[in-house]
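Q: PDB, C-alpha atoms, saved as structure-v6.pdb, coming up:
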MODEL        1
ATOM      1  CA  MET A 686       1.520  11.641   4.006
ATOM      2  CA  TYR A 687       1.118   7.995   3.099
ATOM      3  CA  TYR A 688       3.051   5.035   4.430
ATOM      4  CA  SER A 689       3.486   1.613   2.883
ATOM      5  CA  THR A 690       4.746  -1.861   3.514
ATOM      6  CA  VAL A 691       5.098  -5.003   1.447
ATOM      7  CA  TYR A 692       3.422  -8.263   2.413
ATOM      8  CA  PRO A 693       4.593 -11.531   0.819
ATOM      9  CA  SER A 694       1.456 -13.587   0.169
ATOM     10  CA  PRO A 695       0.585 -16.893  -1.499
ATOM     11  CA  ILE A 696      -0.687 -14.934  -4.513
ATOM     12  CA  GLY A 697       2.374 -12.689  -4.789
ATOM     13  CA  LYS A 698       3.727  -9.530  -3.267
ATOM     14  CA  LEU A 699       1.083  -7.180  -1.844
ATOM     15  CA  THR A 700       1.649  -3.489  -1.178
ATOM     16  CA  ILE A 701      -0.363  -1.996   1.673
ATOM     17  CA  CYS A 702      -0.670   1.789   2.098
ATOM     18  CA  CYS A 703      -2.135   3.864   4.887
ATOM     19  CA  ASP A 704      -2.517   7.492   5.904
ATOM     20  CA  GLY A 705      -1.081   6.722   9.336
ATOM     21  CA  GLU A 706      -4.396   5.619  10.824
ATOM     22  CA  ASN A 707      -6.483   4.087   8.005
ATOM     23  CA  ILE A 708      -5.786   1.602   5.234
ATOM     24  CA  ALA A 709      -5.991   3.498   1.954
ATOM     25  CA  GLY A 710      -4.739   0.828  -0.426
ATOM     26  CA  LEU A 711      -3.806  -2.794  -0.913
ATOM     27  CA  TRP A 712      -2.562  -3.857  -4.334
ATOM     28  CA  ILE A 713      -1.350  -7.103  -5.817
ATOM     29  CA  GLU A 714       1.980  -6.840  -7.616
ATOM     30  CA  GLY A 715       1.330  -5.993 -11.266
ATOM     31  CA  GLN A 716      -2.273  -4.957 -10.592
ATOM     32  CA  ARG A 717      -3.863  -2.371 -12.862
ATOM     33  CA  TYR A 718      -4.338   1.018 -11.214
ATOM     34  CA  PHE A 719      -1.507   0.306  -8.744
ATOM     35  CA  LYS A 720      -1.408   3.154  -6.219
ATOM     36  CA  GLU A 721      -3.784   5.102  -8.478
ATOM     37  CA  ASN A 722      -4.573   7.905  -6.001
ATOM     38  CA  ILE A 723      -1.445   7.548  -3.873
ATOM     39  CA  GLN A 724       1.593   8.666  -5.813
ATOM     40  CA  ASN A 725       4.143   8.762  -3.010
ATOM     41  CA  SER A 726       4.486   6.800   0.178
ATOM     42  CA  VAL A 727       7.186   6.249   2.749
ATOM     43  CA  GLU A 728       8.132   2.669   3.665
ATOM     44  CA  ASP A 729       7.221   2.024   7.309
ATOM     45  CA  SER A 730       6.228  -1.510   8.260
ATOM     46  CA  ASN A 731       5.929  -0.729  11.980
ATOM     47  CA  LEU A 732       2.851   1.502  11.993
ATOM     48  CA  PRO A 733       0.081  -0.140  14.054
ATOM     49  CA  VAL A 734      -2.483   0.048  11.222
ATOM     50  CA  LEU A 735      -0.096  -1.655   8.795
ATOM     51  CA  THR A 736       0.746  -4.298  11.402
ATOM     52  CA  ALA A 737      -2.999  -4.880  11.865
ATOM     53  CA  ALA A 738      -3.468  -5.255   8.097
ATOM     54  CA  LYS A 739      -0.639  -7.801   7.895
ATOM     55  CA  SER A 740      -2.185  -9.736  10.797
ATOM     56  CA  TRP A 741      -5.549  -9.658   9.001
ATOM     57  CA  LEU A 742      -3.897 -11.021   5.855
ATOM     58  CA  ASP A 743      -2.065 -13.710   7.875
ATOM     59  CA  ARG A 744      -5.406 -14.934   9.194
ATOM     60  CA  TYR A 745      -7.085 -14.670   5.799
ATOM     61  CA  PHE A 746      -4.408 -16.717   4.032
ATOM     62  CA  ALA A 747      -4.457 -19.232   6.915
ATOM     63  CA  GLY A 748      -8.091 -19.978   6.002
ATOM     64  CA  LYS A 749      -9.757 -17.862   8.678
ATOM     65  CA  LYS A 750     -12.469 -15.320   7.893
ATOM     66  CA  PRO A 751     -11.390 -12.044   9.486
ATOM     67  CA  GLY A 752     -14.020  -9.315   9.461
ATOM     68  CA  ILE A 753     -13.613  -6.337   7.197
ATOM     69  CA  SER A 754     -14.730  -4.106  10.069
ATOM     70  CA  GLU A 755     -11.616  -5.120  12.045
ATOM     71  CA  LEU A 756      -9.596  -2.666   9.965
ATOM     72  CA  PRO A 757     -10.072   1.088   9.574
ATOM     73  CA  LEU A 758     -10.502   1.561   5.831
ATOM     74  CA  HIS A 759     -10.379   4.821   3.923
ATOM     75  CA  PRO A 760     -10.387   4.101   0.183
ATOM     76  CA  LEU A 761      -9.942   7.171  -1.987
ATOM     77  CA  GLY A 762     -12.558   7.645  -4.685
ATOM     78  CA  THR A 763     -15.762   9.323  -5.741
ATOM     79  CA  ASP A 764     -18.953   8.963  -3.720
ATOM     80  CA  PHE A 765     -20.292   6.562  -6.340
ATOM     81  CA  ARG A 766     -17.208   4.345  -6.163
ATOM     82  CA  LYS A 767     -17.358   4.380  -2.383
ATOM     83  CA  SER A 768     -20.994   3.247  -2.492
ATOM     84  CA  VAL A 769     -19.984   0.321  -4.729
ATOM     85  CA  TRP A 770     -17.049  -0.618  -2.468
ATOM     86  CA  LYS A 771     -19.360  -0.495   0.536
ATOM     87  CA  ALA A 772     -21.700  -2.952  -1.206
ATOM     88  CA  LEU A 773     -18.755  -5.264  -1.918
ATOM     89  CA  CYS A 774     -18.036  -5.436   1.805
ATOM     90  CA  GLU A 775     -21.394  -7.162   2.309
ATOM     91  CA  ILE A 776     -20.584 -10.159   0.082
ATOM     92  CA  PRO A 777     -19.971 -13.138   2.397
ATOM     93  CA  TYR A 778     -16.868 -15.308   2.234
ATOM     94  CA  GLY A 779     -17.158 -18.235  -0.152
ATOM     95  CA  THR A 780     -19.882 -16.671  -2.276
ATOM     96  CA  VAL A 781     -20.040 -14.773  -5.530
ATOM     97  CA  THR A 782     -22.489 -12.213  -6.818
ATOM     98  CA  THR A 783     -22.949 -10.376 -10.096
ATOM     99  CA  TYR A 784     -22.287  -6.849 -11.275
ATOM    100  CA  GLY A 785     -26.031  -6.489 -11.841
ATOM    101  CA  LYS A 786     -26.865  -7.451  -8.263
ATOM    102  CA  ILE A 787     -24.307  -4.966  -6.952
ATOM    103  CA  ALA A 788     -25.851  -2.321  -9.246
ATOM    104  CA  ASP A 789     -29.293  -3.082  -7.799
ATOM    105  CA  LYS A 790     -27.916  -2.843  -4.246
ATOM    106  CA  VAL A 791     -26.183   0.480  -4.935
ATOM    107  CA  ALA A 792     -29.352   1.870  -6.569
ATOM    108  CA  LEU A 793     -31.353   0.916  -3.487
ATOM    109  CA  ASP A 794     -28.750   2.322  -1.072
ATOM    110  CA  THR A 795     -28.385   5.598  -2.985
ATOM    111  CA  LYS A 796     -32.130   5.909  -3.679
ATOM    112  CA  LYS A 797     -31.713   5.935  -7.465
ATOM    113  CA  ASP A 798     -34.075   4.302  -9.916
ATOM    114  CA  GLN A 799     -31.239   2.283 -11.377
ATOM    115  CA  VAL A 800     -27.483   2.060 -11.601
ATOM    116  CA  SER A 801     -25.605   0.694 -14.597
ATOM    117  CA  ALA A 802     -23.859  -2.651 -14.099
ATOM    118  CA  ARG A 803     -21.147  -1.313 -16.417
ATOM    119  CA  ALA A 804     -20.568   1.702 -14.141
ATOM    120  CA  VAL A 805     -20.421  -0.675 -11.180
ATOM    121  CA  GLY A 806     -17.838  -2.734 -13.068
ATOM    122  CA  GLY A 807     -15.712   0.366 -13.563
ATOM    123  CA  ALA A 808     -15.878   1.213  -9.856
ATOM    124  CA  ILE A 809     -15.043  -2.372  -8.907
ATOM    125  CA  GLY A 810     -12.057  -2.342 -11.251
ATOM    126  CA  HIS A 811     -10.693   0.697  -9.426
ATOM    127  CA  ASN A 812     -11.120  -0.791  -5.937
ATOM    128  CA  PRO A 813      -7.983   0.415  -4.140
ATOM    129  CA  ILE A 814      -8.146  -2.117  -1.289
ATOM    130  CA  SER A 815      -8.048  -5.506  -3.002
ATOM    131  CA  ILE A 816      -8.831  -8.691  -1.070
ATOM    132  CA  ILE A 817     -10.056  -6.837   2.046
ATOM    133  CA  ILE A 818     -12.769  -5.124  -0.006
ATOM    134  CA  PRO A 819     -13.657  -8.329  -1.863
ATOM    135  CA  CYS A 820     -14.074  -7.322  -5.501
ATOM    136  CA  HIS A 821     -12.862 -10.797  -6.491
ATOM    137  CA  ARG A 822     -16.293 -12.133  -5.435
ATOM    138  CA  VAL A 823     -18.080 -10.401  -8.341
ATOM    139  CA  VAL A 824     -18.651 -12.209 -11.640
ATOM    140  CA  GLY A 825     -20.641 -11.684 -14.805
ATOM    141  CA  ALA A 826     -24.310 -12.693 -14.849
ATOM    142  CA  ASN A 827     -23.422 -15.603 -17.141
ATOM    143  CA  GLY A 828     -20.639 -16.855 -14.831
ATOM    144  CA  SER A 829     -17.855 -15.081 -16.699
ATOM    145  CA  LEU A 830     -14.745 -14.336 -14.637
ATOM    146  CA  THR A 831     -14.051 -10.917 -16.079
ATOM    147  CA  GLY A 832     -12.847  -7.686 -14.643
ATOM    148  CA  TYR A 833     -10.252  -8.347 -11.955
ATOM    149  CA  ALA A 834      -7.443  -5.789 -11.846
ATOM    150  CA  GLY A 835      -5.164  -8.364 -10.199
ATOM    151  CA  GLY A 836      -5.683 -10.862 -13.032
ATOM    152  CA  ILE A 837      -8.239 -13.598 -13.650
ATOM    153  CA  GLU A 838      -5.964 -16.390 -12.367
ATOM    154  CA  THR A 839      -5.537 -14.500  -9.089
ATOM    155  CA  LYS A 840      -9.297 -14.036  -8.859
ATOM    156  CA  LEU A 841      -9.738 -17.794  -9.280
ATOM    157  CA  LYS A 842      -7.095 -18.512  -6.608
ATOM    158  CA  LEU A 843      -8.863 -16.223  -4.129
ATOM    159  CA  LEU A 844     -12.270 -17.762  -4.825
ATOM    160  CA  ARG A 845     -10.858 -21.288  -4.434
ATOM    161  CA  HIS A 846      -9.085 -20.238  -1.245
ATOM    162  CA  GLU A 847     -12.409 -19.019   0.175
ATOM    163  CA  GLY A 848     -14.168 -22.240  -0.806
ATOM    164  CA  ALA A 849     -16.492 -20.629  -3.346
ATOM    165  CA  ASP A 850     -18.357 -22.885  -5.756
ATOM    166  CA  ILE A 851     -16.642 -22.080  -9.033
ATOM    167  CA  SER A 852     -18.159 -24.950 -11.021
ATOM    168  CA  GLY A 853     -20.432 -22.630 -13.030
ATOM    169  CA  LEU A 854     -17.758 -20.005 -13.663
ATOM    170  CA  TYR A 855     -15.533 -19.705 -16.699
ATOM    171  CA  ILE A 856     -12.728 -17.633 -18.140
ATOM    172  CA  PRO A 857     -13.932 -16.010 -21.374
ATOM    173  CA  ALA A 858     -11.958 -16.882 -24.496
ATOM    174  CA  LYS A 859     -11.345 -13.223 -25.279
ATOM    175  CA  LEU A 860     -10.628 -10.771 -22.444
TER     176      LEU A 860
ENDMDL
END
Could the structure of this file be written out as structure tokens, please?
A:
Amino acid sequence: MYYSTVYPSPIGKLTICCDGENIAGLWIEGQRYFKENIQNSVEDSNLPVLTAAKSWLDRYFAGKKPGISELPLHPLGTDFRKSVWKALCEIPYGTVTTYGKIADKVALDTKKDQVSARAVGGAIGHNPISIIIPCHRVVGANGSLTGYAGGIETKLKLLRHEGADISGLYIPAKL
């Protein structure tokens, strides 16, 4: 059984889902892959884990830097996707990294010779816990702001909010 609540944020309505004890999803309204692995949920904004997630988001949007480890997370996905999402959790506030660097990190962590940056991009695109698992901090090697399921403008807003240097980043002409 999954439970959900809605959180009104500066970037739009967010839907948070949990299994009763762990956060399983956080999606921006209109996001691709919305509730991809969670088809049904019951509205319940009073569960302690959902209250904790809303408090985390309150602090985040107030300019604080709450730790990811403060929340029990249980994203649903393959082992590969989970290894990518774990790597995302290590990207510090206010910084960006590339798909290639995440691929290198995942290869090292999983003891593989190499991992495709394209496969990493696919896993990042399916991140079910947006913002908390910071997929918005990943950009193309050339500074391209591609691949954010919540929309490129939202990605830019989050990076600006975190104080990231976006001077070398750009929105590609053709997405």
Q: Please tabulate, as CSV, the residues of segment 749-859 of chain A that come within 10 Å of segment 698-701 of chain A, each with its closest pair of atoms and the distance in Å to one decimal, counting all atoms listed in the file and ordering rows by chain, then residue number upward.
A:
residue,atom,partner,partner_atom,distance
A:Pro813,CA,A:Ile701,CA,9.9
A:Ile814,CA,A:Ile701,CA,8.3
A:Ser815,CA,A:Leu699,CA,9.4
Q: Taking the file as I've supplied it (selection: the PyMOL selection byres ((chain A and resi 713) around 10)), which residues are included? Please answer as a list in words.
A: Val691, Tyr692, Pro693, Ser694, Ile696, Gly697, Lys698, Leu699, Thr700, Ile701, Leu711, Trp712, Glu714, Gly715, Gln716, Arg717, Phe719, Ile814, Ser815, Ile816, Ala834, Gly835, Gly836 and Thr839 of chain A
Q: I'd like to know which of A:Pro695, A:Gly752, A:Pro857, A:Pro760 is closest to Ile708 of chain A, using all atoms listed in the file.
A: A:Pro760
Q: Could you work out how far atom CA of Gly828 of chain A lies from atom CA of Ser852 of chain A, giving the answer in Å with one decimal?
A: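 Computed distance, atom CA of Ser852 of chain A to atom CA of Gly828 of chain A, equals 9.3 Å.
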Q: Could you list the residues chosen by the PyMOL selection byres ((chain A and resi 845-848) around 8) in this structure as a PyMOL selection string?
A: chain A and resi 746+748+778-779+841-844+849-851
Q: Taking into account only C-alpha atoms, which residue in the set A:Trp770, A:Asn827, A:Phe765, A:Val781 is nearest to Val800 of chain A?
A: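 Nearest candidate to Val800 of chain A out of A:Trp770, A:Asn827, A:Phe765, A:Val781: A:Phe765.
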Q: Determine the nearest neighbour of Lys840 of chain A from the options A:Ile787, A:Leu758, A:Ala709, A:Val823, counting all atoms listed in the file.
A: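 Selected residue with least distance to Lys840 of chain A: A:Val823.
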Q: Show which residues sit within 8 Å of Ala772 of chain A, as a list in words. Count all atoms listed in the file, and ignore same-chain residues fewer than 3 positions away.
A: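 My reading of the contact set: Ser768, Val769, Glu775, Ile776, Ile787, Lys790 and Val791 of chain A.
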Q: How would you write, as a VMD selection string, the residues chosen by the PyMOL selection byres ((chain A and resi 761) around 9) on this structure?
A: chain A and resid 709 to 710 722 to 723 759 to 760 762 to 763 766 to 767 812 to 813
Q: Rounded to one decimal in Å, what is the spacing between atom CA of Leu793 of chain A and atom CA of Leu854 of chain A?
A: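 Answer for the atom CA of Leu793 of chain A to atom CA of Leu854 of chain A separation: 26.9 Å.
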Q: Using all atoms listed in the file for the distances, tell me which of A:Asp729, A:Glu838, A:Lys720, A:Asp794 is nearest to Tyr688 of chain A.
A: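 The closest residue to Tyr688 of chain A is A:Asp729.
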Q: Quick one: axis-aligned box around all listed atoms of segment 784-803 of chain A, 6 Å on every side, centre and edge lengths in Å to one decimal, written as AutoDock Vina command-line options.
A:
--center_x -27.6 --center_y -0.8 --center_z -8.7 --size_x 24.9 --size_y 25.4 --size_z 27.3
Q: Please measure the separation of atom CA of Ser754 of chain A and atom CA of Gly705 of chain A, giving the value in Å to one decimal.
A: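 So the two atoms, atom CA of Ser754 of chain A and atom CA of Gly705 of chain A, lie 17.4 Å apart.
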Q: Out of A:Lys859, A:Asn725, A:Cys703, A:Cys820, which residue has the shortest atom-to-atom distance to Leu773 of chain A when counting only C-alpha atoms?
A: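 Using only C-alpha atoms, Leu773 of chain A sits closest to A:Cys820.
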Q: Using all atoms listed in the file, which protein or nucleic acid residues come within 12 Å of Pro751 of chain A? Drop anything in the same chain fewer than 2 positions from it, and give the result as a VMD selection string.
A: chain A and resid 737 to 749 753 to 756 777 to 778 816 to 818 847
Q: Closest to Gly806 of chain A among A:Tyr687, A:Tyr855, A:Tyr833, A:Tyr784, using all atoms listed in the file?
A: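 Looking only at the distances to Gly806 of chain A, the closest residue turns out to be A:Tyr784.
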